[in-house]
file query01.txt (compact mmCIF, C-alpha atoms)
# COMPACT_ATOMS: atom_id res chain seq x y z
CA MET A 1 -49.54 -5.43 40.98
CA ASN A 2 -50.56 -5.26 37.40
CA LEU A 3 -48.07 -5.12 34.60
CA ASN A 4 -48.86 -2.26 32.32
CA PRO A 5 -48.66 -3.11 28.64
CA LEU A 6 -46.13 -0.36 27.99
CA GLY A 7 -43.73 -1.96 30.43
CA THR A 8 -43.74 -5.32 28.71
CA LYS A 9 -43.31 -3.66 25.36
CA GLU A 10 -40.29 -1.74 26.62
CA GLU A 11 -38.95 -4.95 28.04
CA THR A 12 -39.18 -6.86 24.75
CA LYS A 13 -37.63 -3.92 22.99
CA MET A 14 -34.73 -4.02 25.40
CA ASN A 15 -34.38 -7.77 24.94
CA ARG A 16 -34.35 -7.33 21.21
CA GLY A 17 -31.62 -4.75 21.50
CA LEU A 18 -29.65 -7.09 23.69
CA ILE A 19 -30.06 -9.96 21.23
CA SER A 20 -28.94 -7.75 18.35
CA GLY A 21 -25.90 -6.72 20.34
CA LEU A 22 -25.10 -10.35 21.09
CA VAL A 23 -25.41 -11.26 17.40
CA LEU A 24 -23.02 -8.46 16.57
CA LEU A 25 -20.66 -9.75 19.23
CA VAL A 26 -20.79 -13.28 17.84
CA ILE A 27 -20.14 -12.05 14.31
CA GLY A 28 -17.27 -9.96 15.65
CA ILE A 29 -15.74 -12.97 17.39
CA ILE A 30 -16.04 -15.12 14.26
CA CYS A 31 -14.36 -12.37 12.24
CA GLY A 32 -11.62 -12.06 14.85
CA LEU A 33 -10.93 -15.78 14.68
CA MET A 34 -10.76 -15.61 10.88
CA LEU A 35 -8.22 -12.80 11.12
CA ALA A 36 -6.17 -14.72 13.66
CA LEU A 37 -6.10 -17.69 11.31
CA VAL A 38 -4.98 -15.65 8.30
CA ASN A 39 -2.44 -13.84 10.44
CA TYR A 40 -1.05 -17.19 11.60
CA PHE A 41 -0.33 -18.16 8.01
CA THR A 42 0.99 -14.83 6.75
CA ALA A 43 2.89 -13.35 9.71
CA GLY A 44 6.11 -15.28 9.05
CA ARG A 45 6.23 -14.34 5.43
CA ILE A 46 5.47 -10.71 6.18
CA THR A 47 8.44 -10.41 8.55
CA GLU A 48 10.65 -12.07 5.97
CA GLU A 49 9.59 -9.61 3.27
CA GLU A 50 9.96 -6.64 5.62
CA ASN A 51 13.49 -7.69 6.52
CA LYS A 52 14.37 -8.03 2.88
CA ILE A 53 13.43 -4.40 2.33
CA LYS A 54 15.03 -3.25 5.56
CA TYR A 55 18.34 -4.87 4.82
CA ALA A 56 18.32 -4.08 1.08
CA VAL A 57 20.61 -1.12 1.66
CA LEU A 58 23.14 -3.37 3.40
CA GLU A 59 23.35 -5.55 0.30
CA GLU A 60 25.61 -2.89 -1.18
CA PHE A 61 28.39 -4.01 1.11
CA TYR A 62 27.83 -7.70 1.72
CA THR A 63 25.86 -10.62 0.34
CA LEU A 64 23.52 -10.93 3.26
CA SER A 65 22.41 -14.49 2.66
CA GLU A 66 25.89 -15.63 3.75
CA TYR A 67 25.57 -14.13 7.20
CA GLU A 68 23.34 -14.13 10.20
CA ILE A 69 22.20 -10.62 11.00
CA SER A 70 21.42 -9.19 14.39
CA GLU A 71 20.80 -5.57 15.21
CA THR A 72 20.87 -3.28 18.22
CA GLN A 73 19.92 0.30 18.78
CA GLY A 74 22.95 2.45 19.52
CA GLU A 75 22.80 5.50 21.74
CA GLY A 76 23.67 9.11 20.95
CA SER A 77 24.63 9.64 17.33
CA PHE A 78 24.23 5.98 16.50
CA SER A 79 20.90 4.56 15.48
CA THR A 80 20.74 0.99 14.24
CA ILE A 81 23.89 -1.10 14.35
CA TYR A 82 23.93 -4.34 12.37
CA PHE A 83 26.17 -7.22 13.35
CA LEU A 84 26.95 -9.74 10.63
CA LYS A 85 27.91 -13.06 12.10
CA GLU A 86 29.25 -16.11 10.40
CA LYS A 87 26.39 -18.59 10.12
CA GLY A 88 26.06 -20.84 13.10
CA THR A 89 28.83 -19.23 15.13
CA ASP A 90 29.26 -16.17 17.29
CA ASN A 91 32.13 -14.69 15.27
CA VAL A 92 31.35 -11.14 14.25
CA GLU A 93 32.57 -10.83 10.67
CA ALA A 94 31.54 -7.26 10.14
CA VAL A 95 29.67 -4.41 11.76
CA ILE A 96 27.58 -1.86 9.89
CA TYR A 97 26.87 1.38 11.70
CA THR A 98 24.10 3.85 11.04
CA VAL A 99 25.61 7.03 12.37
CA SER A 100 24.65 10.68 12.02
CA ALA A 101 26.29 14.03 12.65
CA LYS A 102 25.29 17.64 12.32
CA GLY A 103 26.06 19.15 8.94
CA TYR A 104 25.16 22.39 7.27
CA SER A 105 21.42 21.91 7.48
CA SER A 106 19.90 22.89 10.81
CA THR A 107 17.03 20.44 10.57
CA THR A 108 18.41 17.26 9.02
CA ASP A 109 21.62 15.61 10.10
CA VAL A 110 23.91 13.83 7.71
CA GLU A 111 23.25 10.14 8.19
CA MET A 112 25.49 7.46 6.79
CA LEU A 113 26.16 3.76 6.82
CA ILE A 114 29.72 2.65 7.54
CA ALA A 115 30.64 -0.99 7.09
CA ILE A 116 33.69 -2.25 8.95
CA ASN A 117 35.26 -5.69 8.52
CA SER A 118 36.61 -7.60 11.48
CA ASP A 119 40.19 -6.68 10.47
CA MET A 120 39.38 -2.95 10.86
CA SER A 121 39.34 -2.34 7.13
CA VAL A 122 36.51 -0.22 5.80
CA GLU A 123 34.35 -2.25 3.43
CA GLY A 124 32.33 0.73 2.33
CA TYR A 125 30.30 3.73 3.36
CA LYS A 126 27.28 5.50 2.00
CA VAL A 127 25.46 8.67 2.90
CA THR A 128 21.80 7.73 3.20
CA THR A 129 20.11 10.92 4.39
CA HIS A 130 21.22 14.50 4.13
CA GLN A 131 19.89 17.92 3.34
CA GLU A 132 23.11 19.74 2.61
CA SER A 133 23.02 22.54 0.05
CA SER A 134 22.62 21.09 -3.44
CA GLY A 135 25.63 21.23 -5.72
CA PHE A 136 28.76 20.98 -3.62
CA GLY A 137 27.05 19.62 -0.52
CA ALA A 138 25.20 16.92 -2.38
CA ASP A 139 28.50 15.67 -3.85
CA ILE A 140 29.19 13.89 -0.58
CA VAL A 141 26.85 11.03 -1.42
CA ASP A 142 29.23 9.28 -3.77
CA ASN A 143 32.45 10.93 -2.75
CA ASN A 144 35.55 8.94 -1.89
CA PHE A 145 36.90 10.22 1.41
CA GLY A 146 40.01 8.09 1.26
CA VAL A 147 39.33 6.14 4.42
CA ASP A 148 40.44 2.52 4.12
CA GLU A 149 41.29 1.66 7.72
CA ILE A 150 38.98 2.80 10.46
CA ASP A 151 41.81 3.08 13.03
CA ASP A 152 43.70 5.49 10.82
CA LEU A 153 41.79 8.59 9.78
CA SER A 154 44.86 10.63 8.83
CA ASN A 155 44.19 10.12 5.13
CA PHE A 156 40.73 11.65 5.37
CA GLN A 157 40.18 13.82 2.34
CA ALA A 158 37.67 16.57 2.87
CA VAL A 159 35.73 17.96 -0.08
CA SER A 160 37.11 21.39 -0.72
CA GLY A 161 34.63 24.22 -0.27
CA VAL A 162 32.26 22.08 1.78
CA THR A 163 33.99 22.24 5.12
CA VAL A 164 30.99 21.90 7.38
CA THR A 165 29.64 18.87 5.55
CA SER A 166 33.05 17.24 5.34
CA ASN A 167 33.46 17.75 9.05
CA ALA A 168 30.16 16.02 9.66
CA ILE A 169 31.38 13.01 7.69
CA LYS A 170 34.65 13.02 9.57
CA THR A 171 32.74 13.14 12.86
CA CYS A 172 30.83 10.05 11.76
CA PHE A 173 34.06 8.17 11.06
CA THR A 174 35.60 9.32 14.32
CA LEU A 175 32.57 8.19 16.31
CA VAL A 176 32.75 4.79 14.67
CA SER A 177 36.47 4.46 15.25
CA GLN A 178 35.94 5.16 18.94
CA ARG A 179 33.70 2.22 19.51
CA VAL A 180 34.51 -0.27 16.78
CA ILE A 181 37.13 -2.18 18.78
CA SER A 182 34.76 -3.00 21.60
CA ASP A 183 32.03 -3.90 19.13
CA LEU A 184 34.22 -6.33 17.28
CA GLY A 185 34.38 -8.26 20.46
CA GLY A 186 37.69 -7.04 21.94
CA GLY A 187 38.48 -10.72 22.35
CA SER A 188 40.07 -10.90 18.93
CA GLY A 189 42.19 -7.87 19.79
CA GLU A 190 44.24 -9.47 22.52
CA MET B 1 -33.87 -8.68 -14.21
CA ASN B 2 -32.14 -11.84 -15.40
CA LYS B 3 -28.66 -12.93 -14.40
CA LYS B 4 -26.94 -11.54 -17.48
CA GLU B 5 -28.45 -8.10 -17.00
CA ASN B 6 -27.53 -8.29 -13.34
CA LEU B 7 -23.91 -8.96 -14.24
CA LEU B 8 -23.66 -6.39 -17.01
CA LYS B 9 -25.36 -3.48 -15.27
CA GLY B 10 -22.20 -2.73 -13.31
CA PHE B 11 -20.18 -2.18 -16.47
CA ILE B 12 -22.03 0.73 -18.02
CA LYS B 13 -25.60 1.33 -16.92
CA GLU B 14 -24.87 1.49 -13.19
CA ASN B 15 -21.10 1.83 -13.27
CA PRO B 16 -20.15 2.62 -9.67
CA LEU B 17 -17.51 5.17 -10.62
CA PHE B 18 -18.80 6.96 -13.70
CA VAL B 19 -22.55 6.78 -13.08
CA SER B 20 -23.00 6.55 -9.32
CA LEU B 21 -19.79 8.53 -8.62
CA LEU B 22 -19.02 6.31 -5.63
CA GLY B 23 -15.58 5.59 -4.17
CA MET B 24 -13.81 8.38 -5.99
CA CYS B 25 -11.13 9.19 -3.43
CA PRO B 26 -9.00 6.04 -3.76
CA SER B 27 -9.80 5.87 -7.45
CA LEU B 28 -8.24 9.23 -8.11
CA ALA B 29 -5.31 8.58 -5.80
CA VAL B 30 -4.06 5.19 -6.97
CA THR B 31 -4.50 5.61 -10.72
CA THR B 32 -0.97 6.88 -11.30
CA SER B 33 -0.11 3.62 -13.06
CA LEU B 34 -2.04 0.80 -14.66
CA GLU B 35 -0.40 -1.67 -12.28
CA ASN B 36 -1.83 0.11 -9.25
CA ALA B 37 -5.28 0.13 -10.82
CA ILE B 38 -5.08 -3.61 -11.49
CA GLY B 39 -3.97 -4.25 -7.91
CA MET B 40 -6.76 -2.10 -6.51
CA THR B 41 -9.25 -3.95 -8.70
CA LEU B 42 -8.05 -7.27 -7.29
CA GLY B 43 -8.54 -6.02 -3.74
CA VAL B 44 -11.97 -4.54 -4.40
CA PHE B 45 -13.07 -7.64 -6.34
CA PHE B 46 -12.18 -9.96 -3.47
CA VAL B 47 -13.80 -7.77 -0.83
CA LEU B 48 -16.94 -6.85 -2.78
CA VAL B 49 -17.80 -10.36 -3.95
CA LEU B 50 -17.24 -11.96 -0.55
CA SER B 51 -18.94 -9.18 1.42
CA ASN B 52 -21.97 -9.38 -0.88
CA LEU B 53 -22.05 -13.15 -0.40
CA ILE B 54 -21.70 -13.10 3.38
CA ILE B 55 -24.14 -10.24 3.93
CA SER B 56 -26.73 -11.78 1.67
CA LEU B 57 -26.31 -15.12 3.49
CA ILE B 58 -26.90 -13.37 6.81
CA MET B 59 -29.86 -11.33 5.58
CA SER B 60 -31.59 -14.09 3.62
CA ASN B 61 -32.06 -16.10 6.81
CA GLU B 62 -35.27 -14.57 8.11
CA LYS B 63 -34.69 -15.26 11.78
CA LEU B 64 -31.14 -13.96 11.67
CA ALA B 65 -32.14 -10.97 9.55
CA LYS B 66 -34.70 -9.89 12.16
CA MET B 67 -32.08 -9.91 14.88
CA VAL B 68 -29.44 -8.20 12.75
CA LYS B 69 -31.70 -5.51 11.31
CA PRO B 70 -31.23 -2.90 14.10
CA VAL B 71 -27.43 -3.30 13.99
CA ARG B 72 -27.02 -4.06 10.31
CA ILE B 73 -24.61 -1.22 9.48
CA PRO B 74 -22.11 -2.25 12.21
CA VAL B 75 -22.45 -5.86 11.03
CA TYR B 76 -21.68 -4.82 7.46
CA ILE B 77 -18.67 -2.83 8.60
CA VAL B 78 -17.34 -5.70 10.72
CA VAL B 79 -17.64 -8.11 7.79
CA ILE B 80 -16.10 -5.67 5.30
CA ALA B 81 -13.28 -4.67 7.65
CA THR B 82 -12.40 -8.32 8.24
CA LEU B 83 -12.24 -9.02 4.52
CA VAL B 84 -10.14 -5.94 3.89
CA THR B 85 -7.71 -6.87 6.64
CA ILE B 86 -7.38 -10.33 5.12
CA VAL B 87 -6.64 -8.75 1.72
CA GLU B 88 -4.10 -6.47 3.36
CA MET B 89 -2.31 -9.35 5.08
CA LEU B 90 -2.24 -11.46 1.93
CA MET B 91 -0.96 -8.59 -0.19
CA HIS B 92 1.67 -7.74 2.39
CA ALA B 93 2.87 -11.33 2.40
CA PHE B 94 2.76 -12.15 -1.29
CA LEU B 95 2.68 -8.90 -3.30
CA ILE B 96 4.82 -6.58 -1.24
CA ASP B 97 5.62 -4.13 -4.06
CA LEU B 98 1.97 -3.61 -4.78
CA TYR B 99 1.27 -3.33 -1.05
CA LEU B 100 3.83 -0.56 -0.74
CA SER B 101 2.62 1.37 -3.75
CA LEU B 102 -1.06 1.19 -2.82
CA GLY B 103 -0.20 2.06 0.77
CA VAL B 104 -3.01 3.46 2.85
CA PHE B 105 -5.59 2.89 0.13
CA ILE B 106 -5.86 -0.83 0.88
CA PRO B 107 -7.19 -0.33 4.42
CA LEU B 108 -9.33 2.49 3.06
CA ILE B 109 -11.31 -0.04 1.00
CA VAL B 110 -13.27 -0.48 4.26
CA VAL B 111 -14.84 2.93 3.84
CA ASN B 112 -15.20 2.68 0.07
CA CYS B 113 -18.82 3.64 -0.56
CA ILE B 114 -19.19 1.09 -3.34
CA ILE B 115 -18.88 -1.84 -0.98
CA LEU B 116 -21.15 -0.58 1.77
CA GLY B 117 -23.51 0.73 -0.91
CA ARG B 118 -23.87 -2.64 -2.61
CA ALA B 119 -24.29 -4.36 0.74
CA GLU B 120 -27.15 -2.09 1.77
CA ALA B 121 -28.77 -1.57 -1.62
CA PHE B 122 -28.44 -5.02 -3.14
CA ALA B 123 -27.02 -7.84 -1.04
CA SER B 124 -29.34 -7.27 1.93
CA GLU B 125 -32.43 -7.73 -0.25
CA ASN B 126 -31.36 -10.40 -2.72
CA LYS B 127 -30.41 -14.06 -2.85
CA PRO B 128 -26.76 -15.06 -2.31
CA LEU B 129 -26.16 -16.10 -5.93
CA ASP B 130 -27.60 -12.87 -7.33
CA SER B 131 -25.55 -10.88 -4.85
CA VAL B 132 -22.34 -12.62 -5.92
CA ILE B 133 -23.15 -11.90 -9.58
CA ASP B 134 -23.87 -8.28 -8.69
CA GLY B 135 -20.57 -8.08 -6.81
CA VAL B 136 -18.61 -9.54 -9.74
CA GLY B 137 -20.24 -7.11 -12.17
CA MET B 138 -19.77 -4.08 -9.97
CA ALA B 139 -16.14 -4.93 -9.12
CA LEU B 140 -15.29 -5.48 -12.78
CA GLY B 141 -17.10 -2.27 -13.74
CA TYR B 142 -15.16 -0.39 -11.12
CA GLY B 143 -11.95 -2.05 -12.25
CA LEU B 144 -12.50 -1.13 -15.89
CA ALA B 145 -13.26 2.44 -14.87
CA ILE B 146 -10.09 2.94 -12.82
CA MET B 147 -8.01 1.13 -15.45
CA LEU B 148 -9.36 3.55 -18.04
CA ILE B 149 -8.37 6.52 -15.88
CA SER B 150 -4.96 5.04 -15.14
CA ILE B 151 -4.22 4.24 -18.80
CA PHE B 152 -5.09 7.82 -19.66
CA ARG B 153 -2.94 9.21 -16.85
CA GLU B 154 0.07 6.94 -17.16
CA PHE B 155 0.28 7.26 -20.93
CA LEU B 156 0.01 11.04 -20.94
CA GLY B 157 2.09 11.48 -17.79
CA LYS B 158 4.95 9.04 -18.31
CA GLY B 159 4.54 7.63 -21.81
CA THR B 160 4.45 4.07 -20.48
CA LEU B 161 1.88 1.48 -19.50
CA THR B 162 2.94 -0.74 -16.59
CA ILE B 163 0.86 -3.89 -16.64
CA TRP B 164 2.54 -5.90 -13.89
CA GLY B 165 6.02 -5.60 -12.42
CA ASP B 166 8.55 -5.54 -15.25
CA LEU B 167 5.92 -6.06 -17.91
CA GLN B 168 5.84 -2.55 -19.26
CA LEU B 169 4.84 -1.07 -22.59
CA ASP B 170 7.05 1.83 -23.57
CA LEU B 171 5.05 4.19 -25.74
CA ASN B 172 7.45 7.10 -25.55
CA PHE B 173 8.05 6.87 -29.30
CA ILE B 174 4.65 8.47 -29.84
CA PHE B 175 5.79 11.51 -27.87
CA GLU B 176 9.07 11.52 -29.75
CA PHE B 177 7.17 11.40 -33.04
CA LEU B 178 5.11 14.38 -31.94
CA LYS B 179 8.31 16.06 -30.68
CA ILE B 180 6.90 16.72 -27.19
CA GLU B 181 7.63 15.46 -23.70
CA PRO B 182 5.19 13.38 -21.63
CA ILE B 183 2.98 15.73 -19.58
CA SER B 184 4.03 14.81 -16.05
CA MET B 185 1.20 16.88 -14.60
CA PHE B 186 -1.09 13.93 -15.33
CA THR B 187 0.64 11.76 -12.74
CA GLN B 188 -0.01 14.37 -10.07
CA PRO B 189 -3.29 14.92 -8.20
CA VAL B 190 -4.36 17.75 -10.49
CA GLY B 191 -4.01 15.37 -13.43
CA ALA B 192 -6.31 12.90 -11.68
CA PHE B 193 -9.11 15.42 -11.46
CA LEU B 194 -8.56 16.59 -15.03
CA SER B 195 -8.54 13.04 -16.43
CA PHE B 196 -11.59 12.07 -14.43
CA GLY B 197 -13.43 15.18 -15.56
CA LEU B 198 -12.54 14.66 -19.21
CA ILE B 199 -13.54 10.99 -19.20
CA LEU B 200 -16.76 11.75 -17.34
CA ALA B 201 -17.61 14.52 -19.79
CA THR B 202 -17.02 12.23 -22.75
CA ILE B 203 -19.19 9.51 -21.29
CA THR B 204 -21.96 11.98 -20.47
CA MET B 205 -21.79 13.36 -23.99
CA ILE B 206 -22.21 9.91 -25.51
CA ALA B 207 -25.06 9.12 -23.14
CA ASN B 208 -26.82 12.41 -23.92
CA ASN B 209 -26.48 11.88 -27.67
CA ARG B 210 -28.03 8.44 -27.35
CA LYS B 211 -30.89 9.81 -25.28
CA LEU B 212 -31.51 12.54 -27.84
CA LYS B 213 -31.57 10.01 -30.66
CA MET B 214 -33.99 7.81 -28.77
CA ALA B 215 -36.23 10.77 -28.02
CA LYS B 216 -36.27 11.74 -31.69
CA GLU B 217 -37.17 8.23 -32.75
CA VAL B 218 -40.02 8.15 -30.27
CA SER B 219 -41.39 11.49 -31.44
CA LYS B 220 -41.32 10.46 -35.11
call {"tool": "encode", "arguments": {"input": "query01.txt", "output": "structure tokens"}}
result
Amino acid sequence: MNLNPLGTKEETKMNRGLISGLVLLVIGIICGLMLALVNYFTAGRITEEENKIKYAVLEEFYTLSEYEISETQGEGSFSTIYFLKEKGTDNVEAVIYTVSAKGYSSTTDVEMLIAINSDMSVEGYKVTTHQESSGFGADIVDNNFGVDEIDDLSNFQAVSGVTVTSNAIKTCFTLVSQRVISDLGGGSGE
Amino acid sequence: MNKKENLLKGFIKENPLFVSLLGMCPSLAVTTSLENAIGMTLGVFFVLVLSNLIISLIMSNEKLAKMVKPVRIPVYIVVIATLVTIVEMLMHAFLIDLYLSLGVFIPLIVVNCIILGRAEAFASENKPLDSVIDGVGMALGYGLAIMLISIFREFLGKGTLTIWGDLQLDLNFIFEFLKIEPISMFTQPVGAFLSFGLILATITMIANNRKLKMAKEVSK
């Protein structure tokens, strides 16, 4: 059997292609290792910085450096719920709810943060997202709804002329009041 | 071409943005403030200089170059993408504000034509040192170009010049003196195209005038 010259040529060509591919693979692996190394050094700091931004909105209510923060995803109308614990212990000092309810806009719900202290007093609340009609509806962002104790919503002051939006806010407070006792660990309640 | 010419050609004669018209997309998008332009320059500088160095190191080794030649474009992209990812991680960790304001345009440095262009046109055929000098010159030329656009846009659009963080020059008194408001259109995309067009036209006009003068002198 004689080898025809074309065959050998094809063969070397194939080998060359294979070698090139291997070189590319080696370079790829080296690059991957480099990335892993850089990632090893920066990952911690990146999470730290991300958390700083994520929790920046909570700074309005509490000085976060004094607490240990943990978060869970609530179901239904609740999205993220932040638990602020005393450093080094399991005592929940405060709970901050991200809760939403349907307002006047059909596409965007009113979303607000409600911060509750362990003694049921309301530390603060803030509407973070809404698309209510501008003018009256937008007034809700900084409005004082007169809620100081989460277990007593009788003093709730609606904004006159903005019934639907006010109701959405009231729904948010009601939802929080329904679950806050169990979140604050029930144990302190007895 | 000596080393000085090699360094300086990126500034005016072969400016990647105004002469070669490469990498325009991120340049128009991030130039809303001087700070962004400076940040982008830092990123491009790091990536361009190192990619030029690495690629020229690979290609100046004859044996390696022969093996890499058929797959050189993928190799370039792998090297560039790695460098860009490193820049992205570092910026995310240490300059988070800049990272957030540059957004998607940091990873897009990978497909910035300037970097691949220099790798293919210069670094693959020249010595490592020359390639580094070329990279420095080109990156600085690019940086000066986008800073020029951003100064133009930020001043006309907002009346300020943000150099870094809180370090900001407030030039609104000029607008007050002229009794007009800053033209906020210049901070929007349409302003980017307008500014770029105006600057490009001015530069072309100057270049044409010089050519005409030279031609006249020759014909005398």
call {"tool": "residues_near_point", "arguments": {"input": "query01.txt", "point": "(-19.4, -8.2, -10.8)", "cutoff": "9 Å", "atoms": "all atoms listed in the file", "output": "list in words"}}
result
Asn6, Leu7, Leu8, Lys9, Gly10, Phe11, Phe45, Leu48, Val49, Ser131, Val132, Ile133, Asp134, Gly135, Val136, Gly137, Met138, Ala139, Leu140, Gly141 and Tyr142 of chain B
call {"tool": "interface_residues", "arguments": {"input": "query01.txt", "of": "chain A", "to": "chain B", "cutoff": "9 Å", "atoms": "only C-alpha atoms", "output": "JSON, numbers by chain"}}
result
{"A": [16, 17, 19, 20, 21, 23, 24, 27, 28, 31, 32, 34, 35, 38, 39, 42, 43, 44, 45, 46, 47, 48, 49, 50]}
call {"tool": "closest_residue", "arguments": {"input": "query01.txt", "among": "A:Ile53, A:Met14, A:Val95, A:Ala168", "to": "Ile114 of chain A", "atoms": "only C-alpha atoms"}}
result
A:Val95
call {"tool": "atom_distance", "arguments": {"input": "query01.txt", "atom1": "atom CA of Val26 of chain A", "atom2": "atom CA of Gly23 of chain B"}}
result
29.5 Å
call {"tool": "atom_distance", "arguments": {"input": "query01.txt", "atom1": "atom CA of Glu68 of chain A", "atom2": "atom CA of Thr174 of chain A"}}
result
26.8 Å
call {"tool": "atom_distance", "arguments": {"input": "query01.txt", "atom1": "atom CA of Val127 of chain A", "atom2": "atom CA of Val141 of chain A"}}
result
5.1 Å
call {"tool": "closest_residue", "arguments": {"input": "query01.txt", "among": "A:Tyr97, A:Ser105, A:Ile169, A:Thr129", "to": "Gly146 of chain A", "atoms": "all atoms listed in the file"}}
result
A:Ile169
